[in-house]
$ cat data11.csv   # CSV, C-alpha atoms and all ligand atoms
chain,number,residue,atom,x,y,z
A,1,MET,CA,75.4,-15.2,11.3
A,2,PRO,CA,71.7,-15.2,10.6
A,3,LYS,CA,70.3,-16.9,7.6
A,4,TYR,CA,67.7,-14.3,6.8
A,5,THR,CA,67.7,-10.5,7.2
A,6,LEU,CA,64.5,-8.5,7.1
A,7,ILE,CA,65.0,-4.8,6.3
A,8,VAL,CA,62.2,-2.4,7.2
A,9,PRO,CA,62.5,1.4,6.8
A,10,ILE,CA,60.6,3.4,9.4
A,11,TYR,CA,59.5,7.0,9.0
A,12,ASN,CA,56.8,8.1,11.5
A,13,GLU,CA,55.3,4.7,11.8
A,14,GLU,CA,54.3,4.6,15.4
A,15,GLU,CA,50.8,3.3,14.5
A,16,THR,CA,52.0,0.4,12.4
A,17,ILE,CA,55.1,-0.8,14.3
A,18,PRO,CA,53.3,-3.0,16.9
A,19,GLU,CA,51.2,-4.8,14.2
A,20,MET,CA,54.2,-5.0,11.9
A,21,TYR,CA,56.3,-6.7,14.6
A,22,ARG,CA,53.5,-9.1,15.5
A,23,ARG,CA,53.2,-10.3,11.9
A,24,LEU,CA,57.0,-10.4,11.3
A,25,ASN,CA,57.5,-12.2,14.6
A,26,SER,CA,55.1,-15.0,13.7
A,27,LEU,CA,56.8,-15.2,10.3
A,28,MET,CA,60.3,-15.4,11.7
A,29,ASP,CA,59.2,-18.2,14.1
A,30,ARG,CA,58.1,-20.2,11.1
A,31,LEU,CA,61.2,-19.8,8.9
A,32,ASP,CA,63.7,-22.6,8.5
A,33,GLY,CA,66.7,-20.7,9.8
A,34,SER,CA,67.8,-17.9,12.1
A,35,CYS,CA,66.6,-14.4,11.4
A,36,GLU,CA,67.5,-10.8,12.1
A,37,LEU,CA,65.1,-7.9,11.7
A,38,ILE,CA,66.8,-4.6,10.9
A,39,LEU,CA,64.6,-1.5,11.5
A,40,ILE,CA,65.9,1.7,10.1
A,41,ASN,CA,64.6,4.8,11.7
A,42,ASP,CA,64.7,7.5,9.0
A,43,GLY,CA,64.6,10.5,11.2
A,44,SER,CA,61.1,9.9,12.6
A,45,LYS,CA,59.6,12.8,14.5
A,46,ASP,CA,57.0,10.6,16.4
A,47,LYS,CA,57.6,7.9,19.0
A,48,SER,CA,58.9,5.3,16.6
A,49,ILE,CA,62.4,5.3,18.0
A,50,PHE,CA,61.1,4.5,21.5
A,51,LEU,CA,59.1,1.6,20.1
A,52,LEU,CA,62.3,0.3,18.3
A,53,ARG,CA,64.3,0.5,21.5
A,54,ASP,CA,61.6,-1.5,23.3
A,55,LEU,CA,61.5,-4.1,20.6
A,56,HIS,CA,65.3,-4.5,20.7
A,57,HIS,CA,65.2,-5.0,24.5
A,58,LYS,CA,62.4,-7.6,24.2
A,59,ASP,CA,63.7,-9.5,21.2
A,60,PRO,CA,67.4,-9.8,20.5
A,61,ARG,CA,66.7,-10.6,16.8
A,62,VAL,CA,65.6,-7.0,16.4
A,63,CYS,CA,68.4,-4.6,15.6
A,64,TYR,CA,68.0,-1.0,14.6
A,65,LEU,CA,69.8,2.0,13.1
A,66,SER,CA,68.8,5.6,13.5
A,67,LEU,CA,69.7,7.9,10.7
A,68,ALA,CA,70.6,11.4,12.1
A,69,ARG,CA,67.8,13.0,10.0
A,70,ASN,CA,65.3,12.1,7.3
A,71,PHE,CA,67.3,10.9,4.4
A,72,GLY,CA,64.5,9.3,2.4
A,73,HIS,CA,63.3,5.8,1.9
A,74,GLN,CA,66.0,4.7,-0.7
A,75,VAL,CA,68.8,5.8,1.6
A,76,ALA,CA,67.2,4.2,4.6
A,77,VAL,CA,67.0,0.9,2.7
A,78,THR,CA,70.7,1.3,1.6
A,79,ALA,CA,71.7,1.7,5.2
A,80,GLY,CA,69.9,-1.5,6.1
A,81,LEU,CA,71.6,-3.3,3.2
A,82,ASN,CA,75.0,-2.1,4.5
A,83,PHE,CA,74.4,-3.6,7.9
A,84,ALA,CA,72.6,-6.8,6.8
A,85,ARG,CA,74.4,-10.0,7.6
A,86,GLY,CA,72.0,-12.7,6.3
A,87,LYS,CA,72.5,-15.1,3.4
A,88,ALA,CA,69.2,-13.9,2.0
A,89,VAL,CA,68.0,-10.3,2.5
A,90,ILE,CA,64.4,-9.2,2.3
A,91,ILE,CA,63.2,-5.6,2.0
A,92,LEU,CA,59.7,-4.7,2.9
A,93,ASP,CA,57.7,-1.6,3.9
A,94,ALA,CA,56.6,-1.0,7.5
A,95,ASP,CA,52.9,-0.3,6.6
A,96,LEU,CA,52.2,-4.0,5.8
A,97,GLN,CA,51.3,-3.1,2.2
A,98,ASP,CA,54.0,-5.7,1.3
A,99,PRO,CA,52.4,-8.8,3.0
A,100,PRO,CA,55.0,-10.7,5.1
A,101,GLU,CA,53.0,-13.9,4.3
A,102,LEU,CA,54.5,-13.7,0.8
A,103,ILE,CA,58.1,-14.2,2.1
A,104,PRO,CA,58.0,-18.0,2.4
A,105,GLU,CA,57.1,-18.2,-1.3
A,106,MET,CA,60.0,-15.9,-2.1
A,107,ILE,CA,62.4,-18.0,0.0
A,108,GLU,CA,61.2,-21.1,-1.9
A,109,LYS,CA,62.2,-19.5,-5.2
A,110,TRP,CA,65.6,-18.5,-3.7
A,111,GLN,CA,66.2,-22.1,-2.6
A,112,GLN,CA,65.4,-23.1,-6.2
A,113,GLY,CA,68.4,-21.1,-7.3
A,114,TYR,CA,67.2,-17.5,-8.0
A,115,GLN,CA,69.3,-14.7,-6.7
A,116,VAL,CA,66.7,-12.0,-6.9
A,117,VAL,CA,63.0,-12.6,-6.2
A,118,TYR,CA,60.9,-9.5,-6.6
A,119,ALA,CA,57.2,-9.0,-5.8
A,120,GLN,CA,55.1,-7.8,-8.6
A,121,ARG,CA,51.7,-6.1,-7.9
A,122,THR,CA,48.8,-7.3,-9.9
A,123,LYS,CA,46.3,-5.0,-8.2
A,124,ARG,CA,46.3,-2.1,-5.8
A,125,HIS,CA,43.5,-1.9,-3.3
A,126,LYS,CA,42.1,1.4,-2.0
A,127,GLU,CA,44.7,3.7,-3.6
A,128,SER,CA,43.5,6.9,-5.3
A,129,TRP,CA,42.9,6.8,-9.1
A,130,PHE,CA,45.6,9.5,-9.4
A,131,LYS,CA,48.3,7.3,-7.7
A,132,ARG,CA,47.2,4.2,-9.8
A,133,PHE,CA,47.2,6.2,-13.0
A,134,THR,CA,50.5,7.9,-12.5
A,135,ALA,CA,52.2,4.7,-11.2
A,136,TYR,CA,50.9,2.8,-14.2
A,137,GLY,CA,52.1,5.4,-16.7
A,138,PHE,CA,55.5,5.9,-15.0
A,139,TYR,CA,56.5,2.2,-14.8
A,140,ARG,CA,55.7,1.8,-18.5
A,141,LEU,CA,57.6,5.0,-19.4
A,142,LEU,CA,60.6,3.8,-17.4
A,143,LYS,CA,60.5,0.4,-19.1
A,144,GLY,CA,60.5,2.2,-22.5
A,145,LEU,CA,63.3,4.5,-21.7
A,146,ALA,CA,65.7,2.6,-19.4
A,147,ASP,CA,68.8,0.8,-20.6
A,148,VAL,CA,68.2,-2.1,-18.3
A,149,ASP,CA,65.0,-4.1,-18.2
A,150,ILE,CA,63.2,-2.9,-15.0
A,151,PRO,CA,60.0,-5.0,-14.6
A,152,THR,CA,56.8,-3.0,-14.4
A,153,ASP,CA,54.8,-2.7,-11.2
A,154,THR,CA,57.5,-3.8,-8.8
A,155,GLY,CA,58.5,-1.9,-5.7
A,156,ASP,CA,61.4,-2.5,-3.4
A,157,PHE,CA,59.7,-5.5,-1.8
A,158,CYS,CA,62.1,-8.3,-2.8
A,159,LEU,CA,64.5,-11.0,-1.6
A,160,MET,CA,68.1,-10.7,-2.6
A,161,ASP,CA,70.9,-13.2,-2.3
A,162,ARG,CA,74.1,-12.3,-0.4
A,163,CYS,CA,76.1,-12.0,-3.6
A,164,VAL,CA,73.6,-9.3,-5.0
A,165,VAL,CA,73.6,-7.4,-1.7
A,166,ASP,CA,77.5,-7.4,-1.7
A,167,ILE,CA,77.5,-5.9,-5.2
A,168,LEU,CA,74.9,-3.2,-4.3
A,169,ASN,CA,76.9,-2.3,-1.2
A,170,ALA,CA,80.1,-1.9,-3.3
A,171,MET,CA,78.3,0.5,-5.7
A,172,PRO,CA,79.5,4.1,-4.9
A,173,GLU,CA,76.6,5.9,-6.4
A,174,ARG,CA,74.6,8.2,-4.2
A,175,ASN,CA,71.5,8.7,-6.2
A,176,ARG,CA,70.0,5.3,-5.5
A,177,TYR,CA,67.1,3.8,-7.2
A,178,ILE,CA,67.2,0.3,-5.7
A,179,ARG,CA,64.6,-1.3,-8.0
A,180,GLY,CA,66.8,-0.3,-11.0
A,181,LEU,CA,70.1,-1.2,-9.4
A,182,ARG,CA,68.7,-4.6,-8.5
A,183,SER,CA,67.8,-5.2,-12.2
A,184,TRP,CA,71.1,-3.8,-13.3
A,185,VAL,CA,73.0,-6.4,-11.3
A,186,GLY,CA,71.6,-9.3,-13.3
A,187,PHE,CA,71.8,-13.0,-12.2
A,188,GLN,CA,68.8,-15.2,-12.1
A,189,GLN,CA,65.7,-13.1,-11.3
A,190,THR,CA,62.1,-14.0,-11.0
A,191,SER,CA,58.8,-12.6,-9.6
A,192,VAL,CA,56.1,-13.6,-7.3
A,193,LYS,CA,52.7,-11.9,-7.8
A,194,PHE,CA,50.6,-10.3,-5.1
A,195,GLU,CA,47.7,-7.9,-4.6
A,196,ARG,CA,48.7,-4.7,-2.7
A,197,SER,CA,46.5,-4.1,0.3
A,198,PRO,CA,45.9,-0.7,1.7
A,199,ARG,CA,48.2,0.9,4.3
A,200,TYR,CA,47.6,-0.7,7.7
A,201,ALA,CA,47.4,2.6,9.6
A,202,GLY,CA,48.7,6.2,9.5
A,203,GLU,CA,49.4,8.5,6.6
A,204,VAL,CA,51.3,7.9,3.4
A,205,LYS,CA,54.9,9.0,3.9
A,206,TYR,CA,55.7,9.2,0.3
A,207,THR,CA,54.3,12.6,-0.5
A,208,PHE,CA,53.7,13.6,-4.2
A,209,ARG,CA,56.9,15.6,-4.1
A,210,LYS,CA,59.0,12.6,-2.9
A,211,SER,CA,57.4,10.2,-5.5
A,212,PHE,CA,57.9,12.7,-8.3
A,213,SER,CA,61.6,13.2,-7.3
A,214,LEU,CA,62.1,9.4,-7.2
A,215,ALA,CA,60.5,9.1,-10.6
A,216,ILE,CA,62.8,11.8,-12.1
A,217,ASN,CA,65.8,10.2,-10.3
A,218,SER,CA,65.1,6.8,-11.8
A,219,LEU,CA,64.7,8.2,-15.3
A,220,ILE,CA,67.9,10.2,-15.1
A,221,SER,CA,69.8,7.4,-13.5
A,222,PHE,CA,68.8,4.7,-16.0
A,223,SER,CA,68.3,6.5,-19.3
A,224,LYS,CA,70.2,8.9,-21.6
A,225,VAL,CA,67.1,9.4,-23.7
A,226,PRO,CA,66.1,12.7,-22.0
A,227,LEU,CA,69.5,14.1,-23.1
A,228,ARG,CA,68.8,13.0,-26.7
A,229,LEU,CA,65.4,14.7,-26.5
A,230,SER,CA,67.0,18.2,-26.8
A,231,THR,CA,68.8,17.0,-30.0
A,232,TYR,CA,65.5,15.8,-31.4
A,233,LEU,CA,63.7,19.0,-30.4
A,234,GLY,CA,66.5,21.0,-31.9
A,235,LEU,CA,66.2,19.0,-35.2
A,236,PHE,CA,62.5,19.4,-35.2
A,237,SER,CA,62.6,23.1,-34.8
A,238,ALA,CA,65.3,23.5,-37.4
A,239,VAL,CA,63.1,21.6,-40.0
A,240,PHE,CA,60.1,23.6,-38.9
A,241,ALA,CA,62.0,26.9,-39.2
A,242,LEU,CA,63.2,26.0,-42.7
A,243,PHE,CA,59.6,25.1,-43.7
A,244,MET,CA,58.4,28.4,-42.4
A,245,ALA,CA,61.1,30.4,-44.2
A,246,ILE,CA,60.1,28.8,-47.5
A,247,LEU,CA,56.4,29.5,-46.7
A,248,VAL,CA,57.1,33.2,-45.8
A,249,LEU,CA,59.1,33.7,-48.9
A,250,TYR,CA,56.2,32.2,-50.9
A,251,TRP,CA,53.7,34.5,-49.2
A,252,ARG,CA,56.0,37.6,-49.8
A,253,VAL,CA,56.0,36.9,-53.5
A,254,HIS,CA,52.4,35.7,-54.1
A,255,GLU,CA,50.2,36.8,-51.2
A,256,THR,CA,51.5,40.1,-49.9
A,257,LYS,CA,48.5,40.6,-47.6
A,258,SER,CA,48.8,37.4,-45.7
A,259,PRO,CA,48.3,37.9,-41.9
A,260,LEU,CA,50.9,35.2,-41.0
A,261,THR,CA,53.9,37.1,-42.2
A,262,GLY,CA,54.0,39.7,-39.4
A,263,PHE,CA,54.4,40.1,-35.7
A,264,ALA,CA,52.5,36.9,-34.7
A,265,THR,CA,54.8,34.6,-36.6
A,266,ILE,CA,57.9,36.2,-35.1
A,267,MET,CA,56.5,35.9,-31.5
A,268,ILE,CA,55.5,32.3,-31.9
A,269,ALA,CA,58.9,31.4,-33.3
A,270,VAL,CA,60.7,33.3,-30.4
A,271,PHE,CA,58.6,31.6,-27.8
A,272,PHE,CA,58.9,28.2,-29.3
A,273,LEU,CA,62.7,28.3,-29.6
A,274,GLY,CA,63.0,29.9,-26.2
A,275,SER,CA,61.1,27.0,-24.6
A,276,VAL,CA,63.1,24.4,-26.6
A,277,GLN,CA,66.3,25.9,-25.2
A,278,LEU,CA,65.0,26.2,-21.7
A,279,ILE,CA,63.8,22.6,-21.6
A,280,SER,CA,67.2,21.4,-23.0
A,281,ILE,CA,69.1,23.4,-20.4
A,282,GLY,CA,66.8,22.0,-17.7
A,283,ILE,CA,67.4,18.4,-18.8
A,284,LEU,CA,71.1,19.1,-18.9
A,285,GLY,CA,70.9,20.6,-15.5
A,286,GLU,CA,69.3,17.5,-14.0
A,287,TYR,CA,72.3,15.4,-15.2
A,288,ILE,CA,74.9,18.0,-14.2
A,289,GLY,CA,73.3,18.3,-10.7
A,290,ARG,CA,73.7,14.6,-10.3
A,291,ILE,CA,77.3,14.7,-11.4
A,292,TYR,CA,77.8,17.4,-8.8
A,293,GLU,CA,76.1,15.3,-6.1
A,294,GLU,CA,78.4,12.3,-6.9
A,295,ILE,CA,81.6,14.3,-7.1
A,296,LYS,CA,81.1,15.9,-3.7
A,297,GLY,CA,81.6,12.4,-2.2
A,298,ARG,CA,79.6,13.1,0.9
A,299,PRO,CA,78.6,10.0,2.9
A,300,MET,CA,75.1,8.8,1.9
A,301,TYR,CA,73.8,9.1,5.5
A,302,THR,CA,74.8,9.8,9.0
A,303,LEU,CA,73.9,7.6,12.0
A,304,SER,CA,73.0,8.7,15.4
A,305,GLU,CA,72.3,5.3,17.0
A,306,ILE,CA,73.2,1.7,16.2
A,307,MET,CA,71.9,-1.2,18.3
A,308,GLY,CA,72.1,-5.0,17.9
A,309,PHE,CA,75.3,-5.0,15.9
A,310,GLU,CA,79.0,-5.5,17.0
A,311,GLN,CA,79.8,-1.8,17.4
A,312,GLU,CA,76.9,-0.3,19.3
A,313,LYS,CA,76.6,3.4,19.5
A,314,VAL,CA,74.3,6.1,20.8
A,315,GLU,CA,74.8,9.8,20.1
A,316,ASN,CA,72.7,12.6,21.3
B,1,LIG,N1,59.7,5.9,4.4
B,1,LIG,C1,61.0,6.2,4.8
B,1,LIG,N2,61.4,7.5,4.6
B,1,LIG,C2,60.7,8.4,4.0
B,1,LIG,C3,59.4,8.0,3.5
B,1,LIG,C4,59.0,6.7,3.7
B,1,LIG,O1,61.7,5.4,5.4
B,1,LIG,O2,61.1,9.6,3.8
B,1,LIG,C5,59.3,4.5,4.6
B,1,LIG,C6,57.9,4.4,5.3
B,1,LIG,O3,58.0,4.4,6.7
B,1,LIG,C7,57.4,3.0,4.8
B,1,LIG,C8,58.0,2.9,3.4
B,1,LIG,O4,59.1,3.9,3.4
B,1,LIG,O5,57.9,1.9,5.5
B,1,LIG,C9,57.0,3.2,2.3
B,1,LIG,O6,56.3,4.4,2.5
B,1,LIG,P1,54.8,4.7,2.2
B,1,LIG,O7,54.0,3.5,2.7
B,1,LIG,O8,54.4,6.0,2.8
B,1,LIG,O9,54.8,4.8,0.6
B,1,LIG,P2,54.0,4.0,-0.5
B,1,LIG,O10,53.3,2.9,0.1
B,1,LIG,O11,53.1,5.1,-1.1
B,1,LIG,O12,55.1,3.6,-1.4
B,2,MG,MG,52.9,2.2,1.8
$ encode --input "data11.csv" --output "structure tokens" --more "lines below"
Ligand code: UDP
Ligand code: MG
Amino acid sequence: MPKYTLIVPIYNEEETIPEMYRRLNSLMDRLDGSCELILINDGSKDKSIFLLRDLHHKDPRVCYLSLARNFGHQVAVTAGLNFARGKAVIILDADLQDPPELIPEMIEKWQQGYQVVYAQRTKRHKESWFKRFTAYGFYRLLKGLADVDIPTDTGDFCLMDRCVVDILNAMPERNRYIRGLRSWVGFQQTSVKFERSPRYAGEVKYTFRKSFSLAINSLISFSKVPLRLSTYLGLFSAVFALFMAILVLYWRVHETKSPLTGFATIMIAVFFLGSVQLISIGILGEYIGRIYEEIKGRPMYTLSEIMGFEQEKVEN
């Protein structure tokens, strides 16, 4: 069994794979124990899978899984965790935005007795102001709303001890927000700081839609505050309506010509209440949709190719 497992999700990363392997290879040579590198092809449409096959033939430490379609980053990492055999498991991105050179520092902390060592960004280089602004706001919102303490500005780049990985693997939930689940597990956790460099090559694979859906997912998975929001909105509009009723009554008696007692007032009230109700139904729907997803009990992913593990398989 290897001492360390490196997990790297791959989605259309043909431009970054050679350089990523070069940097990880020199890192693996320097580590104090045996190593396996698990690459998860998340339904790439470019030549990534051919590069993975090549790497596996050249270097037996490289194992790979091919998901039968694009299941998304979080599921790809979950698949990697399911197959990881190391005593310490490290997750990092393929685009070298998570510097492999930070891993020895993480391992040092693990050897000091921490079960989770996550990397925390102090700076983002060459990312758009929009991405920086939304990420900054989102992590703080999540921290405010979530029931567990999810540290701000941390991604999935982390080292986890075997015991934490076993717990994550035993969790049946399908909507996975790994950063959150990692915090939920507990144990001794610590951070190492780093500055996030720009993507090595290629396009960003996390489109705005994917990032937005991950953000909603994390809020719904780790907070019940949105559900309570409809109660608060309901209470607010009830108080507002009562206040308006008293006001209208007052106008009827004292200022019969007031323009605020007619059609406009009714329209505003109808629209306001209508939107409060629709927002509430929407929030409820988000939760119910997730219950439905969980209850269906479908497997989280399907595999079309497994190489480098005991049961090897290729399906076409
Ligand atoms: N990725 C993936 N499946 C997806 C989208 C992304 O496996 O559907 C991988 C991608 O190949 C990369 C990592 O997730 O290794 C992070 O993606 P990216 O660098 O585009 O996102 P960002 O740096 O903006 O978080
Ligand atoms: Mg990236």
$ residues_near_ligand --input "data11.csv" --ligand "ligand MG 2 (chain B)" --cutoff "6 Å" --atoms "all atoms listed in the file" --output "ChimeraX atom specification"
/A:95,97,199
$ write_last_selection --input "data11.csv" --atoms "C-alpha atoms" --output "mmCIF file, in the frame of the given file"
data_model
loop_
_atom_site.group_PDB
_atom_site.id
_atom_site.type_symbol
_atom_site.label_atom_id
_atom_site.label_comp_id
_atom_site.auth_asym_id
_atom_site.auth_seq_id
_atom_site.Cartn_x
_atom_site.Cartn_y
_atom_site.Cartn_z
ATOM 1 C CA ASP A 95 52.900 -0.300 6.600
ATOM 2 C CA GLN A 97 51.300 -3.100 2.200
ATOM 3 C CA ARG A 199 48.200 0.900 4.300
#
$ closest_residue --input "data11.csv" --among "A:Leu181, A:Leu214, A:Ala241, A:Leu303" --to "ligand LIG 1 (chain B)" --atoms "all atoms listed in the file"
A:Leu214
$ atom_distance --input "data11.csv" --atom1 "CA of Arg121 (chain A)" --atom2 "CA of Phe157 (chain A)"
10.1 Å
$ closest_atom_pairs --input "data11.csv" --of "chain A" --to "ligand LIG 1 (chain B)" --cutoff "7 Å" --atoms "all atoms listed in the file" --output "tab-separated table"
residue	atom	partner	partner_atom	distance
A:Val8	CA	B:LIG1	O5	6.3
A:Pro9	CA	B:LIG1	O1	4.3
A:Ile10	CA	B:LIG1	O3	3.9
A:Tyr11	CA	B:LIG1	O3	3.8
A:Asn12	CA	B:LIG1	O3	6.2
A:Glu13	CA	B:LIG1	O3	5.8
A:Asn41	CA	B:LIG1	O1	7.0
A:Asp42	CA	B:LIG1	O1	5.1
A:Asn70	CA	B:LIG1	O2	6.0
A:Phe71	CA	B:LIG1	O2	6.4
A:Gly72	CA	B:LIG1	O2	3.7
A:His73	CA	B:LIG1	N2	3.7
A:Ala76	CA	B:LIG1	O1	5.7
A:Asp93	CA	B:LIG1	O5	3.9
A:Ala94	CA	B:LIG1	O5	3.8
A:Asp95	CA	B:LIG1	O7	5.6
A:Gln97	CA	B:LIG1	O10	6.7
A:Arg199	CA	B:LIG1	O7	6.6
A:Glu203	CA	B:LIG1	O8	6.8
A:Val204	CA	B:LIG1	O8	3.7
A:Lys205	CA	B:LIG1	O8	3.2
A:Tyr206	CA	B:LIG1	O8	4.3
$ closest_residue --input "data11.csv" --among "A:Ile306, A:Val62, A:Met20, A:Val192" --to "Glu108 (chain A)" --atoms "only C-alpha atoms"
A:Val192
$ atom_distance --input "data11.csv" --atom1 "CA of Pro226 (chain A)" --atom2 "CA of Phe243 (chain A)"
25.8 Å
